[in-house]
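Colleague: The structure that follows is given in the form of structure tokens.
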Amino acid sequence: MLKNSSITIFRYSISFLISLIFIIYIFFFSNILYNLQKILYTILTQGYLEDVIEFFATFLPIFISVIYFTHSERKVQAAIQRRRGPNVISFWGLLQPFADGVKLLFKETIYPHQAGAFLFFAAPMLTFGLSLVNWSVVPMSFNGPASDPEFSLLVVYAVSSFGVYGIFLAGWASNSRYSFFGAIRAIIQLISYEIAMGFVYVILSINLRTLRLSDIVSRQEEHWNILPFFPLAFIYLVTMLAETNRAPFDLPESEGELVAGYNLEYTSFVFSLFFLGEYSNMLLMSSLMSILFLGGWLPLFGISSNFSIFWLAFKIVFFAYLYILIRSVYPRLRYDQLMYLCWNIFLPYLLIELSLSLIIDH
């Protein structure tokens with residue numbers, strides 16, 4: 001029995017490392033494509049070609065990373081629950097995400113007869129599109145992203161706030177009470193924790209005197225922000241779980257009460273857009289947590305930063321797997337506990353922290 005347990009742990013540890021290395025490789029590949037874009041544009045000097053290469057260099061690696069993040073989650077949860085997980089399609093099931101994508105692509109799209117067709121199909125497109133827009137302003141290394149606006153943190157916060165509309169339209173256009181109840185739950189939860197997230201951004205911007213993500217990273221060369229702002233880092237960690245509807249805050253998708261939540265009536269490819277949008281937001285929140293509090297692409301212990309993309313990818317993968325572990329370990333909260341945590345604990349503390357930051361600043 002002990003021998004079989006050791007073999008099982010070893011097998012899934014290897015699978016975990018393969019998925020980890022693959023995701024890091026994808027982020028490293030993104031940096032290569034970004035540099036390749038500059039070279040090709042210099043040679044061919046065609047503005048439209050730069051835009052095309054920039055688009056694929058930014059979003060293609062992210063899309064593949066999101067796909068393999070779902071595979072990694074299934075493998076890690078399988079190891080925790082002592083089962084095999086995906087292991088049929090190719091070696092260790094590495095092509096399982098592509099098989100699932102092909103299956104969803106060719107399945108029949110069914111929608112309720114009384115649903116508003118235009119809004120019904122626009123909602124998942126809006127959700128998935130907004131989940132990708134923020135990546136265009138997130139710096140992945142010291143070379144900077146495709147665009148690095150002065151108020152990039154504000155851009156991320158504004159675009160993320162629009163995600164509420166996709167969820168609301170999905171629940172309302174479905175013309176289903178279960179979907180509508182799930183949408184209402186999601187909207188209340190997202191708006192509540194967006195307020196807490198906004199306070200975290202404001203407090204950081206006041207103390208660091210910048211709203212540019214690359215400048216926030218450069219101000220952490222001496223020490224990471226998690227040291228002086230540890231309570232803010234913890235609040236942000238909890239908030240990013242609630243913002244992405246992940247356990248133990250996955251109440252909008254509570255299957256025991258709402259069957260599946262706001263996306264109950266969605267099938268086939270349009271359902272996968274919600275699915276991909278959720279996992280893209282999880283990686284985005286992991287990257288923001290790394291940039292705001294763990295030094296972004298800055299290395300550990302003053303090690304050489306020639307491979308800066310590796311350090312940021314490593315931190316992103318750490319928080320991505322933290323998502324999975326928390327889902328596997330902690331039970332779902334009640335809705336009153338969810339609201340109490342935000343409005344009675346987080347917000348009073350953040351208001352005090354904001355007041356102190358303003359007093360010290362002046």
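FYI, nothing fancy with the structure tokens labels: chains A, B, ... in order, residues from 1 per chain, ligands from 1 as they appear.
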Within 8 Å of region 344-355 of chain A, which residues of region 146-208 of chain A come that close, and what is the closest atom pair and distance in Å for each? Count only C-alpha atoms and give it as CSV.
Modeller:
```
residue,atom,partner,partner_atom,distance
A:Ala196,CA,A:Leu347,CA,6.1
A:Phe199,CA,A:Leu350,CA,6.4
A:Val200,CA,A:Leu350,CA,7.4
A:Val202,CA,A:Leu354,CA,7.8
A:Ile203,CA,A:Leu354,CA,5.7
```
Colleague: Quick one: residues within 8 Å of Glu243 (chain A), only C-alpha atoms counted, chain neighbours fewer than 4 positions away excluded, as a ChimeraX atom specification?
Modeller: /A:189-190,193-194,239
Colleague: Nearest to Phe128 (chain A): which of A:Phe318, A:Phe181, A:Tyr111, A:Tyr279 is it, counting only C-alpha atoms?
Modeller: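 Closest to Phe128 (chain A), using only C-alpha atoms: A:Tyr279.
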Colleague: Provide the CA of Leu126 (chain A) to CA of Tyr321 (chain A) distance in Å, to one decimal place.
Modeller: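 So the two atoms, CA of Leu126 (chain A) and CA of Tyr321 (chain A), lie 26.5 Å apart.
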Colleague: Kindly assemble as JSON lines a list of the region 181-226 of chain A residues that lie within 10 Å of region 163-172 of chain A, each paired with its nearest atom pair and their distance in Å to one decimal, using only C-alpha atoms, sorted first by chain and then by ascending residue number.
Modeller:
```
{"residue": "A:Phe181", "atom": "CA", "partner": "A:Gly171", "partner_atom": "CA", "distance": 7.5}
{"residue": "A:Gly182", "atom": "CA", "partner": "A:Gly171", "partner_atom": "CA", "distance": 7.0}
{"residue": "A:Ala183", "atom": "CA", "partner": "A:Gly171", "partner_atom": "CA", "distance": 5.0}
{"residue": "A:Ile184", "atom": "CA", "partner": "A:Phe168", "partner_atom": "CA", "distance": 7.3}
{"residue": "A:Arg185", "atom": "CA", "partner": "A:Phe168", "partner_atom": "CA", "distance": 9.8}
{"residue": "A:Ala186", "atom": "CA", "partner": "A:Ile167", "partner_atom": "CA", "distance": 7.4}
{"residue": "A:Ile187", "atom": "CA", "partner": "A:Val164", "partner_atom": "CA", "distance": 6.1}
{"residue": "A:Ile188", "atom": "CA", "partner": "A:Val164", "partner_atom": "CA", "distance": 9.4}
{"residue": "A:Gln189", "atom": "CA", "partner": "A:Val164", "partner_atom": "CA", "distance": 9.9}
{"residue": "A:Leu190", "atom": "CA", "partner": "A:Val164", "partner_atom": "CA", "distance": 7.1}
{"residue": "A:Ile191", "atom": "CA", "partner": "A:Val164", "partner_atom": "CA", "distance": 7.9}
```
Colleague: Go ahead and save the picked residues with C-alpha atoms, as a PDB file, in the first residue's frame.
Modeller:
```
ATOM      1  CA  PHE A 181     -30.522  34.466  -9.847  1.00  0.00           C
ATOM      2  CA  GLY A 182     -26.963  33.409 -10.616  1.00  0.00           C
ATOM      3  CA  ALA A 183     -26.351  36.681 -12.454  1.00  0.00           C
ATOM      4  CA  ILE A 184     -27.715  38.729  -9.544  1.00  0.00           C
ATOM      5  CA  ARG A 185     -25.457  36.874  -7.130  1.00  0.00           C
ATOM      6  CA  ALA A 186     -22.455  37.405  -9.375  1.00  0.00           C
ATOM      7  CA  ILE A 187     -23.148  41.124  -9.847  1.00  0.00           C
ATOM      8  CA  ILE A 188     -23.496  41.793  -6.108  1.00  0.00           C
ATOM      9  CA  GLN A 189     -20.351  39.801  -5.370  1.00  0.00           C
ATOM     10  CA  LEU A 190     -18.267  41.401  -8.119  1.00  0.00           C
ATOM     11  CA  ILE A 191     -19.328  44.964  -7.339  1.00  0.00           C
TER      12      ILE A 191
END
```
Colleague: Mind giving me the straight-line distance from CA of Tyr68 (chain A) to CA of Ala99 (chain A) in Å, one decimal?
Modeller: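 Pair CA of Tyr68 (chain A) / CA of Ala99 (chain A) returns 12.0 Å.
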